[in-house]
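This report concerns only the one structure given below.
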Protein chains: 2
Amino acid sequence: MHGQTQIIDFQRLKTACSSCSLQDLCMPRGLTADELCQLEALVDEHRRIKRGERLYATGSPFEALYTVRLGSLKTSVLFEDGREQVTGFHMLGELIGLDGISTDTHNCSAYALEDSEVCLLPFSRLEEFARTIPAMQHHVHRLLSTEIVREQHNMLMLGTMRAEEKLASFLLDLSDRYLKRGYSASEFVLRMTREEIGSFLGLKLETVSRLFSRFQEAGLIIAQQKYIKLLDPTGLRQLIGPPD
Amino acid sequence: MHGQTQIIDFQRLKTACSSCSLQDLCMPRGLTADELCQLEALVDEHRRIKRGERLYATGSPFEALYTVRLGSLKTSVLFEDGREQVTGFHMLGELIGLDGISTDTHNCSAYALEDSEVCLLPFSRLEEFARTIPAMQHHVHRLLSTEIVREQHNMLMLGTMRAEEKLASFLLDLSDRYLKRGYSASEFVLRMTREEIGSFLGLKLETVSRLFSRFQEAGLIIAQQKYIKLLDPTGLRQLIGPPD
DNA sequence: CGCGGATTTGAACGGAGTCAATCCGCGTGG
DNA sequence: CCACGCGGATTGACTCCGTTCAAATCCGCG
């Protein structure tokens, strides 16, 4: 926690969706100014989560959705015997928690990869709101459906790609998302460990590490620990899809 | 196509959700009789698809959701270079097409595994309906979220399981779903080929075939082509989760 | 400055893939 | 009615990619 004045500052920011830089990312297009104001009222509060802390746990009651306002998180599902599968890495403006609607209980857990902050959207209020504004209703449906499509891509990646292809498409995906947020597409710092990347891609951490080295030897990237620079994105893209 | 009278019979059946045996599966709980009547009006028509035919193609405009009324289907996503990932097998009462909402365009393709029939729910009408009836609205959200959870399980399976475990959990999942529909949990006929099973599980068809043989030698199942009998479901369950 | 987690790298192994040769069952047409 | 053909399934032999186990190194952080 910080000093009193800081806290007040954050309180003020709390209803500032209309001036939020993430607006394009997390808000539906085509809302009137008035509707946007109403939407702001939905955002209950912000929550800060320190690196490594959990935002929600599998099995805990579902009440709200979260959008990443600062930092980044991972979500993962756990198997009875302890195996873990990272289902996604989430950065600025991305929405998480949609899997909780199904059973009113979170079906995955979310952890902060670095000190982060999320906006909290109570879901029941969002449903009310969606009932009155068709554009909002459709937006909610789209968000849910987009998550389904994202996961289908992951399934395709997990089921059909070789290690090399998996890591290449992982890097290109990150690059894309950084670009969309106004950051460099060719130079960034990974927020997750090799093990977490491996879990996401269905590989072991050693394999991930070896691939980083091989990509570097091939002049495709520079990889020094978490720092990554893409030297030859086209080359990476060509790595994907050789078999047949 | 059949004779005239047959066709008329099917036309009559078209608004018969309230007397449909799949009601429990595809309809929300807690609708009043009146609401259910309104819902019936949503179901536009049925469509019959012959074995091997396509219900919708990736990229085609999204207009409606479908529930399986008879038979079974598979959905699959395609990669630019031709690789295919089966994202699901769908049987009686299951809903497909949710991935289309995202872009107003289908993001996967659906094929009939056998001669099948689906109910067609125009999505725009479903949205209208959901706006007036909160229980229906929430049901739609749940359906979407449940699909997300289902895919998360698939990701966990694809990312963390060995071939043996994948096939065992596949068989147990099928068994469960047959049971829920009133069929035998221990004896059924596969509707899909070894190749399709392999694609779903992230394996090659030869591997699937070999595993069926090994399971049979181990006395866990009887597998003769598409006919499957589970002799030892408990044994299958124990197969899943050995590597600590 | 030292500890511990994360990363890198090597060597050996093994599981699933690949390639290829049947085999089986079913529908089709002679 | 039977022979044929064809797609799906089975099985074998061999290969190779990714894992496993192990050791060394790096690095951030107290």
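By order in the structure tokens, chains are A, B, ...; within a chain, residues start at 1; ligands start at 1, following the order shown.
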Interface, chain D side, toward chain A (10 Å; only C-alpha atoms (C1' of nucleotides)) as an mmCIF file with N, CA and C atoms (P, O5', C5', C4', C3', O3' and C1' of nucleotides), in the first residue's frame:
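Dumped to iface-v2.cif:
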data_model
loop_
_atom_site.group_PDB
_atom_site.id
_atom_site.type_symbol
_atom_site.label_atom_id
_atom_site.label_comp_id
_atom_site.auth_asym_id
_atom_site.auth_seq_id
_atom_site.Cartn_x
_atom_site.Cartn_y
_atom_site.Cartn_z
ATOM 1 P P DC D 17 14.315 -34.740 -36.100
ATOM 2 O "O5'" DC D 17 13.190 -33.987 -35.250
ATOM 3 C "C5'" DC D 17 11.843 -34.455 -35.273
ATOM 4 C "C4'" DC D 17 11.331 -34.546 -33.845
ATOM 5 C "C3'" DC D 17 11.639 -33.322 -32.981
ATOM 6 O "O3'" DC D 17 10.410 -32.854 -32.464
ATOM 7 C "C1'" DC D 17 12.283 -35.322 -31.856
ATOM 8 P P DG D 18 10.312 -31.485 -31.688
ATOM 9 O "O5'" DG D 18 10.243 -31.913 -30.161
ATOM 10 C "C5'" DG D 18 9.195 -32.778 -29.740
ATOM 11 C "C4'" DG D 18 9.551 -33.387 -28.408
ATOM 12 C "C3'" DG D 18 9.889 -32.386 -27.308
ATOM 13 O "O3'" DG D 18 9.078 -32.700 -26.194
ATOM 14 C "C1'" DG D 18 11.554 -34.051 -27.436
ATOM 15 P P DT D 19 9.238 -32.036 -24.754
ATOM 16 O "O5'" DT D 19 9.821 -33.238 -23.879
ATOM 17 C "C5'" DT D 19 9.106 -34.477 -23.872
ATOM 18 C "C4'" DT D 19 9.876 -35.496 -23.063
ATOM 19 C "C3'" DT D 19 10.181 -35.077 -21.620
ATOM 20 O "O3'" DT D 19 9.745 -36.124 -20.762
ATOM 21 C "C1'" DT D 19 12.178 -35.759 -22.719
ATOM 22 P P DT D 20 9.738 -35.938 -19.215
ATOM 23 O "O5'" DT D 20 11.120 -36.591 -18.752
ATOM 24 C "C5'" DT D 20 11.491 -37.869 -19.245
ATOM 25 C "C4'" DT D 20 12.872 -38.222 -18.732
ATOM 26 C "C3'" DT D 20 13.199 -37.717 -17.312
ATOM 27 O "O3'" DT D 20 13.713 -38.805 -16.568
ATOM 28 C "C1'" DT D 20 14.904 -37.066 -18.827
ATOM 29 P P DC D 26 28.631 -17.970 -16.513
ATOM 30 O "O5'" DC D 26 27.247 -17.220 -16.375
ATOM 31 C "C5'" DC D 26 26.183 -17.576 -17.241
ATOM 32 C "C4'" DC D 26 24.893 -17.037 -16.673
ATOM 33 C "C3'" DC D 26 25.018 -15.605 -16.139
ATOM 34 O "O3'" DC D 26 24.096 -14.793 -16.836
ATOM 35 C "C1'" DC D 26 23.898 -17.030 -14.592
ATOM 36 P P DC D 27 24.218 -13.228 -16.773
ATOM 37 O "O5'" DC D 27 23.102 -12.889 -15.694
ATOM 38 C "C5'" DC D 27 21.846 -13.568 -15.760
ATOM 39 C "C4'" DC D 27 21.050 -13.255 -14.519
ATOM 40 C "C3'" DC D 27 21.317 -11.864 -13.952
ATOM 41 O "O3'" DC D 27 20.087 -11.223 -13.757
ATOM 42 C "C1'" DC D 27 21.490 -13.506 -12.260
#
Report task. Excluding Ser213 of chain A and residues on its chain fewer than 2 positions from it, collect all residues at most 12 Å away from it, counting only C-alpha atoms (C1' of nucleotides), and give them as a list in words. Result -> Glu164, Leu167, Glu206, Thr207, Val208, Ser209, Arg210, Leu211, Phe215, Gln216, Glu217, Ala218, Gly219, Leu220, Ile221, Ile222, Ala223, Gln224, Gln225 and Ile228 of chain A; DT7, DT8 and DT9 of chain C
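Minimum atom-to-atom distances from B:Val149, B:Cys119, B:Ile96, B:Ala168 to chain A were compared using only C-alpha atoms, and the lowest value belongs to B:Val149.
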Requested in this report: Write down, as a PyMOL selection string, each residue of chain B that has any atom within 6 Å of an atom of chain A, counting only C-alpha atoms.
Outcome: chain B and resi 85+99+101-102+131+142+145-146+148-149+155-156+159+202
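The gap separating atom CA of Gly235 of chain B from atom CA of Gly71 of chain B is 29.5 Å, in Å to one decimal.
Contacts from chain C to chain B at a cut-off of 9 Å (only C-alpha atoms (C1' of nucleotides)) map to DG15, DA16 and DG17 of chain C.
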Write to file, as a PDB file, in the first residue's frame, the residues of the selection just made, with N, CA and C atoms (P, O5', C5', C4', C3', O3' and C1' of nucleotides).
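Output file again_10.pdb is given in full below:
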ATOM      1  P    DG C  15       8.749 -45.265 -23.366  1.00  0.00           P
ATOM      2  O5'  DG C  15       7.628 -44.255 -23.889  1.00  0.00           O
ATOM      3  C5'  DG C  15       7.746 -42.854 -23.607  1.00  0.00           C
ATOM      4  C4'  DG C  15       7.272 -42.065 -24.812  1.00  0.00           C
ATOM      5  C3'  DG C  15       6.026 -42.626 -25.476  1.00  0.00           C
ATOM      6  O3'  DG C  15       5.213 -41.527 -25.836  1.00  0.00           O
ATOM      7  C1'  DG C  15       7.796 -42.553 -27.059  1.00  0.00           C
ATOM      8  P    DA C  16       3.711 -41.728 -26.148  1.00  0.00           P
ATOM      9  O5'  DA C  16       3.619 -41.235 -27.663  1.00  0.00           O
ATOM     10  C5'  DA C  16       4.036 -39.917 -27.970  1.00  0.00           C
ATOM     11  C4'  DA C  16       4.469 -39.844 -29.409  1.00  0.00           C
ATOM     12  C3'  DA C  16       3.417 -40.278 -30.434  1.00  0.00           C
ATOM     13  O3'  DA C  16       3.233 -39.191 -31.326  1.00  0.00           O
ATOM     14  C1'  DA C  16       5.516 -41.267 -30.916  1.00  0.00           C
ATOM     15  P    DG C  17       2.467 -39.295 -32.681  1.00  0.00           P
ATOM     16  O5'  DG C  17       3.669 -39.348 -33.729  1.00  0.00           O
ATOM     17  C5'  DG C  17       4.563 -38.248 -33.772  1.00  0.00           C
ATOM     18  C4'  DG C  17       5.507 -38.402 -34.944  1.00  0.00           C
ATOM     19  C3'  DG C  17       4.831 -38.570 -36.302  1.00  0.00           C
ATOM     20  O3'  DG C  17       5.540 -37.809 -37.270  1.00  0.00           O
ATOM     21  C1'  DG C  17       6.182 -40.469 -35.844  1.00  0.00           C
TER      22       DG C  17
END
Query - Neighbour list for Arg177 of chain B as a PyMOL selection string, cut-off 12 Å, only C-alpha atoms (C1' of nucleotides), skip fewer than 2 positions in-chain - result: chain B and resi 25+89-94+170-175+179-186+188
Requested in this report: Among the residues of segment 63-97 of chain A, find those DSSP assigns to strand (DSSP E or B) from the backbone and print them as number ranges by chain.
Outcome: A: 64-70, 73-78, 84-90, 95-96
Can you tell me, as a tab-separated table (two decimals) with C-alpha atoms, in the first residue's frame, which residues in segment 26-231 of chain B count as helix (DSSP H, G or I) by DSSP?
chain	number	residue	atom	x	y	z
B	26	CYS	CA	-30.28	-27.81	-24.85
B	33	ALA	CA	-44.11	-22.80	-20.02
B	34	ASP	CA	-44.89	-19.55	-21.73
B	35	GLU	CA	-41.25	-18.67	-22.17
B	36	LEU	CA	-40.58	-22.11	-23.56
B	37	CYS	CA	-43.26	-21.53	-26.16
B	38	GLN	CA	-41.58	-18.34	-27.24
B	39	LEU	CA	-38.31	-20.16	-27.44
B	40	GLU	CA	-39.79	-22.75	-29.73
B	41	ALA	CA	-40.67	-20.02	-32.13
B	42	LEU	CA	-36.97	-19.30	-32.42
B	98	LEU	CA	-20.59	-20.51	-30.97
B	99	ASP	CA	-17.22	-19.62	-32.45
B	100	GLY	CA	-18.96	-17.78	-35.26
B	123	PHE	CA	-28.64	-15.97	-33.51
B	124	SER	CA	-30.06	-12.48	-33.89
B	125	ARG	CA	-33.44	-13.76	-32.77
B	126	LEU	CA	-31.82	-15.54	-29.86
B	127	GLU	CA	-30.23	-12.26	-28.81
B	128	GLU	CA	-33.56	-10.46	-28.95
B	129	PHE	CA	-35.10	-13.16	-26.86
B	130	ALA	CA	-32.30	-13.09	-24.34
B	131	ARG	CA	-32.82	-9.37	-23.85
B	132	THR	CA	-36.36	-9.89	-22.64
B	134	PRO	CA	-32.99	-12.80	-17.99
B	135	ALA	CA	-32.94	-16.57	-17.46
B	136	MET	CA	-32.37	-17.01	-21.17
B	137	GLN	CA	-29.70	-14.36	-21.24
B	138	HIS	CA	-27.80	-16.06	-18.48
B	139	HIS	CA	-28.24	-19.40	-20.19
B	140	VAL	CA	-26.59	-18.08	-23.32
B	141	HIS	CA	-23.67	-16.79	-21.28
B	142	ARG	CA	-23.34	-20.13	-19.59
B	143	LEU	CA	-23.35	-22.02	-22.86
B	144	LEU	CA	-20.55	-19.86	-24.20
B	145	SER	CA	-18.57	-20.15	-21.00
B	146	THR	CA	-19.05	-23.91	-20.85
B	147	GLU	CA	-17.56	-24.17	-24.31
B	148	ILE	CA	-14.54	-22.21	-23.07
B	149	VAL	CA	-14.13	-24.62	-20.17
B	150	ARG	CA	-14.47	-27.62	-22.45
B	151	GLU	CA	-11.72	-26.30	-24.65
B	152	GLN	CA	-9.50	-25.62	-21.65
B	153	HIS	CA	-9.79	-29.29	-20.77
B	154	ASN	CA	-8.81	-30.20	-24.30
B	155	MET	CA	-5.80	-27.93	-24.06
B	156	LEU	CA	-4.75	-29.60	-20.85
B	157	MET	CA	-5.17	-32.95	-22.51
B	158	LEU	CA	-3.21	-31.96	-25.61
B	159	GLY	CA	-0.47	-30.22	-23.67
B	160	THR	CA	0.21	-32.54	-20.78
B	163	ALA	CA	-0.73	-40.90	-25.96
B	164	GLU	CA	-2.06	-43.64	-23.68
B	165	GLU	CA	-3.66	-41.18	-21.31
B	166	LYS	CA	-5.18	-39.20	-24.15
B	167	LEU	CA	-6.94	-42.20	-25.62
B	168	ALA	CA	-8.09	-43.49	-22.25
B	169	SER	CA	-9.66	-40.15	-21.33
B	170	PHE	CA	-11.19	-39.92	-24.78
B	171	LEU	CA	-12.93	-43.26	-24.33
B	172	LEU	CA	-14.10	-42.40	-20.83
B	173	ASP	CA	-15.44	-39.07	-22.01
B	174	LEU	CA	-17.42	-40.73	-24.80
B	175	SER	CA	-18.69	-43.30	-22.34
B	176	ASP	CA	-19.92	-40.56	-20.02
B	177	ARG	CA	-21.70	-38.73	-22.74
B	178	TYR	CA	-23.43	-41.85	-24.04
B	179	LEU	CA	-24.56	-42.63	-20.52
B	180	LYS	CA	-26.02	-39.16	-20.07
B	194	ARG	CA	-8.86	-43.41	-36.37
B	195	GLU	CA	-7.50	-40.43	-38.22
B	196	GLU	CA	-10.17	-38.12	-36.79
B	197	ILE	CA	-9.58	-39.44	-33.29
B	198	GLY	CA	-5.88	-38.85	-33.82
B	199	SER	CA	-6.43	-35.33	-35.01
B	200	PHE	CA	-8.56	-34.57	-31.98
B	201	LEU	CA	-5.97	-36.03	-29.60
B	205	LEU	CA	-3.78	-42.60	-36.75
B	206	GLU	CA	-1.22	-45.42	-36.45
B	207	THR	CA	-0.65	-44.51	-32.83
B	208	VAL	CA	-4.36	-44.56	-32.13
B	209	SER	CA	-4.70	-47.94	-33.78
B	210	ARG	CA	-1.75	-49.39	-31.86
B	211	LEU	CA	-3.18	-48.13	-28.59
B	212	PHE	CA	-6.54	-49.74	-29.26
B	213	SER	CA	-4.69	-53.01	-29.79
B	214	ARG	CA	-2.63	-52.57	-26.63
B	215	PHE	CA	-5.70	-51.73	-24.56
B	216	GLN	CA	-7.33	-54.86	-25.92
B	217	GLU	CA	-4.33	-57.05	-25.12
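Coordinates place atom CA of Arg191 of chain A at a distance of 14.1 Å from atom CA of Lys229 of chain A.
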Query raised in the report: Residues at most 12 Å from segment 22-26 of chain C, counting only C-alpha atoms (C1' of nucleotides), excluding those fewer than 2 positions away in the same chain, as a ChimeraX atom specification?
Result: /B:224-226 /C:20,28 /D:4-12
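Note that the spacing between atom CA of Ser109 of chain B and atom CA of Pro61 of chain B amounts to 11.7 Å.
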Requested in this report: Can you pull out every residue within 8 Å of Arg47 of chain B, counting only C-alpha atoms (C1' of nucleotides), but drop anything in the same chain fewer than 3 positions away, and send it as number ranges by chain?
Outcome: B: 117-120
